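Raw contents of query_15.txt, compact mmCIF, C-alpha atoms and all ligand atoms:
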```txt
# COMPACT_ATOMS: atom_id res chain seq x y z
CA MET O 1 14.09 2.00 -3.89
CA SER O 2 14.12 -1.76 -4.42
CA THR O 3 14.36 -3.36 -7.88
CA SER O 4 11.00 -5.08 -7.52
CA GLY O 5 9.42 -1.83 -6.38
CA SER O 6 10.84 -0.11 -9.41
CA GLY O 7 9.55 -2.94 -11.60
CA ASN O 8 6.08 -2.63 -10.12
CA GLY O 9 6.17 1.11 -10.68
CA ILE O 10 7.02 0.66 -14.37
CA LEU O 11 4.31 -2.01 -14.76
CA GLU O 12 1.70 0.15 -13.05
CA GLY O 13 2.72 3.14 -15.12
CA PHE O 14 2.51 1.16 -18.34
CA PHE O 15 -0.82 -0.38 -17.30
CA GLY O 16 -2.22 3.03 -16.37
CA SER O 17 -1.34 4.33 -19.81
CA VAL O 18 -2.85 1.30 -21.61
CA SER O 19 -5.99 1.12 -19.46
CA GLY O 20 -6.52 4.88 -19.94
CA SER O 21 -6.44 4.41 -23.73
CA VAL O 22 -8.78 1.40 -23.54
CA GLU O 23 -11.20 3.32 -21.37
CA ARG O 24 -11.20 6.29 -23.77
CA TRP O 25 -11.86 4.03 -26.77
CA THR O 26 -14.30 1.55 -25.24
CA GLY O 27 -15.61 3.09 -22.05
CA ILE O 28 -14.44 -0.03 -20.15
CA GLU O 29 -12.31 0.43 -17.04
CA LEU O 30 -9.60 -2.24 -16.67
CA ASN O 31 -8.47 -3.62 -13.31
CA LEU O 32 -4.77 -4.59 -13.07
CA SER O 33 -5.39 -7.67 -10.85
CA THR O 34 -8.07 -9.03 -13.20
CA VAL O 35 -5.91 -8.50 -16.25
CA LEU O 36 -2.93 -10.25 -14.60
CA LEU O 37 -5.21 -13.15 -13.59
CA VAL O 38 -6.54 -13.57 -17.15
CA VAL O 39 -3.08 -13.22 -18.68
CA GLY O 40 -1.80 -15.91 -16.30
CA VAL O 41 -4.76 -18.31 -16.33
CA VAL O 42 -5.53 -18.43 -20.06
CA PRO O 43 -2.16 -19.94 -21.09
CA VAL O 44 -2.46 -22.46 -18.25
CA LEU O 45 -5.95 -23.51 -19.43
CA LEU O 46 -4.82 -23.70 -23.06
CA GLY O 47 -1.82 -25.74 -21.96
CA LEU O 48 -4.03 -28.17 -20.02
CA ARG O 49 -6.35 -28.50 -23.02
CA ALA O 50 -3.42 -29.20 -25.33
CA ALA O 51 -1.99 -31.68 -22.83
CA GLY O 52 -5.37 -33.44 -22.69
CA ARG O 53 -5.41 -33.77 -26.46
CA ILE O 54 -1.85 -35.00 -26.56
CA HIS O 55 -2.68 -37.54 -23.86
CA ARG O 56 -5.77 -38.71 -25.79
CA THR O 57 -3.81 -38.92 -29.05
CA VAL O 58 -1.05 -40.96 -27.42
CA ARG O 59 -3.65 -43.26 -25.86
CA SER O 60 -5.43 -43.64 -29.21
CA GLY O 61 -2.12 -44.33 -30.95
CA LEU O 62 -1.19 -46.98 -28.37
CA SER O 63 -4.64 -48.55 -28.79
CA LEU O 64 -4.22 -48.75 -32.55
CA LEU O 65 -0.66 -50.04 -32.24
CA SER O 66 -1.73 -52.75 -29.80
CA GLY O 67 -4.15 -54.01 -32.44
CA PRO O 68 -7.94 -54.49 -32.55
CA GLY O 69 -7.71 -57.92 -30.92
CA THR O 70 -6.01 -56.56 -27.81
CA VAL O 71 -8.37 -53.58 -27.53
CA SER O 72 -11.47 -55.71 -28.04
CA ARG O 73 -10.29 -58.15 -25.36
CA ALA O 74 -9.60 -55.29 -22.94
CA ALA O 75 -13.02 -53.72 -23.61
CA VAL O 76 -14.92 -56.96 -22.99
CA LYS O 77 -12.82 -57.73 -19.89
CA HIS O 78 -13.64 -54.27 -18.51
CA ILE O 79 -17.35 -54.77 -19.18
CA MET O 80 -17.39 -58.20 -17.54
CA GLU O 81 -15.59 -56.87 -14.46
CA ASN O 82 -17.89 -53.89 -14.06
CA CYS O 83 -21.34 -55.05 -15.19
CA GLU O 84 -23.82 -57.65 -14.14
CA PRO O 85 -24.36 -60.60 -16.53
CA GLY O 86 -27.46 -60.57 -18.73
CA ASN O 87 -27.76 -56.77 -18.73
CA PRO O 88 -27.14 -55.39 -22.26
CA GLU O 89 -28.03 -51.80 -21.30
CA MET O 90 -25.46 -51.78 -18.50
CA ALA O 91 -22.81 -53.27 -20.81
CA LEU O 92 -23.43 -50.64 -23.51
CA LYS O 93 -23.21 -47.81 -20.99
CA CYS O 94 -20.04 -49.28 -19.53
CA ALA O 95 -18.42 -49.42 -22.99
CA ASP O 96 -19.38 -45.78 -23.65
CA GLU O 97 -17.85 -44.73 -20.33
CA LEU O 98 -14.65 -46.66 -21.05
CA ASP O 99 -14.34 -44.90 -24.40
CA ALA O 100 -15.03 -41.48 -22.85
CA SER O 101 -12.29 -42.11 -20.26
CA GLY O 102 -9.75 -42.11 -23.10
CA LYS O 103 -8.16 -45.28 -21.73
CA HIS O 104 -8.85 -47.08 -25.01
CA PHE O 105 -9.76 -45.77 -28.46
CA LEU O 106 -12.76 -48.02 -29.01
CA ILE O 107 -14.01 -46.62 -32.36
CA HIS O 108 -17.42 -48.09 -31.56
CA ILE O 109 -20.67 -46.42 -32.67
CA GLY O 110 -21.41 -45.05 -29.20
CA GLU O 111 -24.64 -43.76 -27.67
CA GLU O 112 -25.68 -41.04 -30.17
CA LYS O 113 -25.30 -43.22 -33.27
CA GLY O 114 -26.53 -46.16 -31.25
CA ARG O 115 -29.88 -44.42 -30.78
CA LEU O 116 -30.15 -44.08 -34.59
CA PHE O 117 -29.49 -47.80 -34.93
CA ASP O 118 -32.12 -48.48 -32.25
CA SER O 119 -34.71 -46.38 -34.13
CA ALA O 120 -34.02 -48.20 -37.41
CA VAL O 121 -34.40 -51.62 -35.75
CA ARG O 122 -37.61 -50.58 -33.97
CA GLU O 123 -39.05 -49.10 -37.18
CA HIS O 124 -38.18 -51.92 -39.60
CA ARG O 125 -38.36 -54.90 -37.20
CA PRO O 126 -35.90 -57.12 -39.10
CA THR O 127 -35.86 -60.90 -38.66
CA VAL O 128 -32.43 -61.50 -40.20
CA VAL O 129 -29.66 -58.94 -39.69
CA LEU O 130 -26.23 -59.19 -41.28
CA GLU O 131 -23.43 -57.12 -39.76
CA LEU O 132 -20.09 -56.67 -41.49
CA GLY O 133 -17.44 -55.78 -38.89
CA GLY O 134 -18.23 -56.92 -35.36
CA TYR O 135 -15.15 -55.58 -33.50
CA PHE O 136 -15.86 -56.20 -29.80
CA GLY O 137 -19.60 -56.63 -30.24
CA TYR O 138 -21.06 -53.26 -29.27
CA SER O 139 -23.31 -52.73 -32.31
CA ALA O 140 -24.15 -56.46 -32.48
CA LEU O 141 -25.32 -56.27 -28.87
CA ARG O 142 -27.13 -53.01 -29.53
CA VAL O 143 -29.14 -54.50 -32.42
CA ALA O 144 -29.60 -58.01 -31.02
CA ARG O 145 -31.14 -56.76 -27.76
CA LEU O 146 -34.00 -55.23 -29.79
CA LEU O 147 -34.73 -58.28 -31.95
CA SER O 148 -37.89 -60.15 -31.17
CA ALA O 149 -37.23 -63.34 -29.24
CA ASP O 150 -40.44 -64.85 -30.63
CA ASP O 151 -39.98 -64.86 -34.39
CA ASN O 152 -36.63 -66.60 -34.85
CA ALA O 153 -34.93 -63.24 -35.36
CA LYS O 154 -31.15 -63.26 -35.36
CA LEU O 155 -28.14 -61.11 -36.11
CA TYR O 156 -25.15 -62.63 -37.91
CA SER O 157 -21.95 -60.68 -37.43
CA MET O 158 -19.03 -61.29 -39.79
CA GLU O 159 -15.70 -60.39 -38.20
CA ILE O 160 -12.41 -61.12 -39.97
CA ASN O 161 -10.16 -60.79 -36.90
CA LYS O 162 -10.14 -64.01 -34.86
CA GLU O 163 -9.53 -62.31 -31.49
CA CYS O 164 -12.24 -59.70 -32.15
CA ALA O 165 -14.66 -62.45 -33.16
CA GLU O 166 -13.93 -64.25 -29.89
CA SER O 167 -14.41 -61.03 -27.86
CA CYS O 168 -17.67 -60.40 -29.69
CA ARG O 169 -18.94 -63.91 -28.85
CA THR O 170 -17.87 -63.53 -25.21
CA LEU O 171 -19.70 -60.21 -24.85
CA LEU O 172 -22.90 -61.48 -26.47
CA LYS O 173 -22.88 -64.58 -24.26
CA PHE O 174 -22.17 -62.52 -21.13
CA CYS O 175 -25.17 -60.32 -21.96
CA GLY O 176 -27.44 -63.31 -22.65
CA MET O 177 -27.74 -62.51 -26.35
CA ASP O 178 -25.99 -65.57 -27.80
CA ASP O 179 -29.33 -67.06 -28.89
CA ARG O 180 -30.12 -63.92 -30.93
CA ALA O 181 -26.66 -63.23 -32.34
CA GLU O 182 -24.04 -65.43 -33.99
CA VAL O 183 -20.50 -64.39 -34.84
CA LEU O 184 -18.91 -65.75 -38.01
CA ASN O 185 -15.12 -65.41 -38.09
CA CYS O 186 -14.64 -64.77 -41.78
CA ALA O 187 -13.99 -62.11 -44.40
CA ALA O 188 -17.20 -60.44 -45.55
CA GLN O 189 -16.54 -61.50 -49.13
CA ASP O 190 -16.44 -65.20 -48.16
CA GLY O 191 -19.22 -64.91 -45.61
CA ILE O 192 -21.61 -63.36 -48.13
CA ALA O 193 -20.87 -66.13 -50.64
CA GLU O 194 -21.50 -68.83 -47.99
CA PHE O 195 -24.28 -67.07 -46.06
CA ARG O 196 -27.18 -69.33 -47.05
CA GLU O 197 -25.18 -72.48 -46.48
CA ARG O 198 -23.77 -71.38 -43.10
CA THR O 199 -26.95 -69.92 -41.63
CA GLY O 200 -29.83 -71.69 -43.36
CA ARG O 201 -31.31 -68.23 -44.11
CA SER O 202 -32.30 -67.24 -47.64
CA SER O 203 -32.39 -63.43 -47.28
CA VAL O 204 -31.48 -60.53 -45.01
CA ASP O 205 -33.80 -57.77 -43.81
CA MET O 206 -31.14 -55.45 -42.43
CA VAL O 207 -27.43 -54.94 -43.15
CA VAL O 208 -25.02 -53.08 -40.85
CA LEU O 209 -21.80 -51.86 -42.47
CA ASP O 210 -19.00 -50.90 -40.06
CA HIS O 211 -15.97 -52.81 -41.34
CA TRP O 212 -13.03 -51.76 -43.55
CA LYS O 213 -14.20 -48.55 -45.24
CA PRO O 214 -12.90 -49.29 -48.78
CA LEU O 215 -14.98 -52.49 -48.72
CA TYR O 216 -18.38 -50.86 -48.05
CA LEU O 217 -19.25 -50.39 -51.73
CA PRO O 218 -17.78 -53.64 -53.12
CA ASP O 219 -19.49 -55.64 -50.37
CA LEU O 220 -22.81 -53.87 -50.91
CA LYS O 221 -22.57 -54.79 -54.60
CA ARG O 222 -21.73 -58.38 -53.61
CA LEU O 223 -24.88 -58.44 -51.48
CA GLU O 224 -26.93 -57.11 -54.41
CA ALA O 225 -25.49 -59.76 -56.73
CA SER O 226 -26.02 -62.53 -54.15
CA GLY O 227 -29.77 -61.98 -54.17
CA LEU O 228 -29.77 -61.93 -50.35
CA MET O 229 -31.34 -58.47 -50.21
CA HIS O 230 -35.00 -57.93 -51.04
CA PRO O 231 -36.97 -54.74 -51.66
CA GLY O 232 -37.29 -53.24 -48.20
CA THR O 233 -33.94 -54.47 -46.87
CA VAL O 234 -32.44 -51.63 -44.81
CA VAL O 235 -28.72 -50.88 -44.98
CA LEU O 236 -27.17 -48.92 -42.08
CA ALA O 237 -23.65 -47.60 -42.62
CA ASP O 238 -21.40 -45.91 -40.07
CA ASN O 239 -18.57 -43.41 -40.66
CA ILE O 240 -19.93 -41.87 -43.86
CA LEU O 241 -18.05 -38.60 -43.16
CA TYR O 242 -15.34 -39.68 -40.70
CA PRO O 243 -13.08 -41.36 -41.70
CA GLY O 244 -15.39 -41.19 -44.72
CA VAL O 245 -16.65 -43.44 -47.51
CA PRO O 246 -17.27 -41.04 -50.43
CA ASP O 247 -17.75 -43.74 -53.11
CA TYR O 248 -20.35 -45.53 -51.00
CA LYS O 249 -22.11 -42.27 -50.15
CA GLU O 250 -22.25 -41.28 -53.82
CA TYR O 251 -23.68 -44.68 -54.76
CA VAL O 252 -26.46 -44.95 -52.18
CA THR O 253 -27.53 -41.34 -52.63
CA THR O 254 -27.68 -41.42 -56.45
CA SER O 255 -28.63 -44.98 -57.38
CA PRO O 256 -32.35 -45.52 -58.01
CA LYS O 257 -31.94 -48.82 -56.17
CA TYR O 258 -31.86 -46.97 -52.85
CA ARG O 259 -33.80 -44.41 -50.87
CA THR O 260 -31.25 -42.95 -48.48
CA VAL O 261 -31.41 -40.64 -45.49
CA MET O 262 -28.21 -39.25 -43.97
CA HIS O 263 -28.18 -38.60 -40.24
CA THR O 264 -25.52 -36.16 -39.05
CA CYS O 265 -23.99 -36.98 -35.71
CA LYS O 266 -20.86 -36.43 -33.68
CA MET O 267 -18.00 -38.75 -32.94
CA THR O 268 -14.72 -38.41 -31.10
CA SER O 269 -11.76 -38.39 -33.44
CA PHE O 270 -8.36 -39.99 -32.98
CA THR O 271 -7.11 -36.85 -31.21
CA GLY O 272 -10.12 -36.61 -28.91
CA VAL O 273 -11.70 -33.73 -30.84
CA GLU O 274 -15.43 -33.92 -31.50
CA THR O 275 -15.93 -34.38 -35.24
CA ASP O 276 -18.92 -34.43 -37.61
CA ASP O 277 -19.88 -37.82 -38.97
CA SER O 278 -22.95 -39.34 -40.62
CA VAL O 279 -24.83 -42.60 -40.44
CA SER O 280 -26.72 -43.49 -43.60
CA VAL O 281 -29.97 -45.41 -43.59
CA SER O 282 -30.74 -46.77 -47.05
CA VAL O 283 -33.78 -48.77 -48.06
CA TYR O 284 -33.06 -51.15 -50.93
CA LEU O 285 -35.77 -50.79 -53.55
CA GLY O 286 -34.73 -53.70 -55.77
CA GLU O 287 -32.86 -54.15 -59.04
CA GLN O 288 -35.92 -53.35 -61.18
CA SER O 289 -35.62 -49.72 -60.10
CA ASP O 290 -32.25 -49.38 -61.86
CA ARG O 291 -33.71 -48.28 -65.20
MG MG F 301 -17.64 -47.30 -37.09
```
Could you render the structure from this file as structure tokens?
Amino acid sequence: MSTSGSGNGILEGFFGSVSGSVERWTGIELNLSTVLLVVGVVPVLLGLRAAGRIHRTVRSGLSLLSGPGTVSRAAVKHIMENCEPGNPEMALKCADELDASGKHFLIHIGEEKGRLFDSAVREHRPTVVLELGGYFGYSALRVARLLSADDNAKLYSMEINKECAESCRTLLKFCGMDDRAEVLNCAAQDGIAEFRERTGRSSVDMVVLDHWKPLYLPDLKRLEASGLMHPGTVVLADNILYPGVPDYKEYVTTSPKYRTVMHTCKMTSFTGVETDDSVSVSVYLGEQSDR
């Protein structure tokens, strides 16, 4: 008798004993080939899944290490090479596909949150929009494409990183939105203080917060103090749960100055795992409500 034959005999004997017990307890008859297939395939699938996550995490890490300027330039270059000019919808879709490919960790709002932004713009029809944090221009493009071309409506995006600001401008121009969106390369704190002077606008109807998370609340309070917001100004804020802005969330959900609705949505985390996040939509009710 060969060694392998003996091995098979032992395996079959052991399996017969185990499958007999399983059948007695559960009434289910096990098949040796099926069991061997499952035992072999499951670890392979788990390994592939883990490898996919490791690959995504490494890609995300490299994206972050290369800096937002490099990633924003790469994203806009990809869009310009793969989309037709003057087509915002195509550019947005192309950015979503690039992010899904895992080639770059874009940390943009994406399609699901983007639809929430679209609904807010369609519902409130803002004339002046102020965005804090432009990155490569995805959300600026998303909002600007829905602004009315007839009533002097415009989005002003404040982006502190010079390369990101340039990418943002390039994308908006490529998509034919440069008449409805202007990028200001400045820190939000300075831009808010100089907003009237730099834009000739006296108030804002919508604010989009998607910049440095610890600055959400201080910059919202700067906007309140500046007098730029009026009762009815809508404040959209991304990443309420992931990475999270608990102080901002607490403020807009408890202050009588705001009526806030939280929209739960999904986003892809640093490691490529789908994670819960929220976008908040807050309507500013005015300072007189804080009593
Ligand atoms: Mg964000």
Just want the residues within 10 Å of ligand MG 301 (chain F), written as a ChimeraX atom specification, counting all atoms listed in the file.
/O:106-110,113,133-135,139,209-213,237-240,242-243,267,277,279
Neighbours of O:Ala120 within 12 Å (all atoms listed in the file; same-chain residues fewer than 2 positions away dropped), as a PyMOL selection string?
chain O and resi 113-118+122-126+129+142-143+146-147+205-208+233-237+261+263+279-283
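Shown here are all protein and nucleic acid residues lying within 7 Å of (-25.8, -60.6, -39.6), with all atoms listed in the file considered: Val128, Val129, Leu130, Glu131, Leu155, Tyr156, Ser157, Met158 and Val207 of chain O.
Distance-wise, atom CA of O:Glu166 and atom CA of O:Asn152 end up 23.4 Å apart.
You can rank O:Glu287, O:Glu163, O:Asp247, O:Asp178 by their closest distance to O:Glu224 using all atoms listed in the file, and at the top of that list sits O:Glu287.
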Using only C-alpha atoms for the distances, tell me which of O:Leu220, O:Leu46, O:Ala188, O:Met177 is nearest to O:Tyr284.
O:Leu220
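Residue nearest O:Leu36, chosen from O:Arg222, O:Gly232, O:Met80, O:Glu12 and counting only C-alpha atoms: O:Glu12.
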Students should find that atom CA of O:Ile192 and atom CA of O:Asp219 are spaced 8.3 Å
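Minimum distance to O:Thr170 across O:Leu132, O:Ala100, O:Val183, O:Ile10 (counting all atoms listed in the file) occurs at O:Val183.
Across the structure, atom CA of O:Glu84 and atom CA of O:Ala140 are spaced 18.4 Å apart.
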Spatial neighbours of O:Gly286, 9 Å, all atoms listed in the file, chain gap at least 3 places, as a ChimeraX atom specification
/O:224,229-233,256-258,289-290
Using all atoms listed in the file, find all polymer residues with an atom at most 8 Å away from the point (-36.3, -67.4, -42.5); report them as a list in words.
Thr127, Val128, Asn152, Gly200, Arg201, Ser202 and Ser203 of chain O
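The shell of residues at most 10 Å from O:Ala193, with all atoms listed in the file counted and near chain neighbours (fewer than 2 positions) removed, consists of Ala188, Gln189, Asp190, Gly191, Phe195, Arg196, Glu197, Arg198, Arg222, Leu223, Ala225, Ser226 and Leu228 of chain O.
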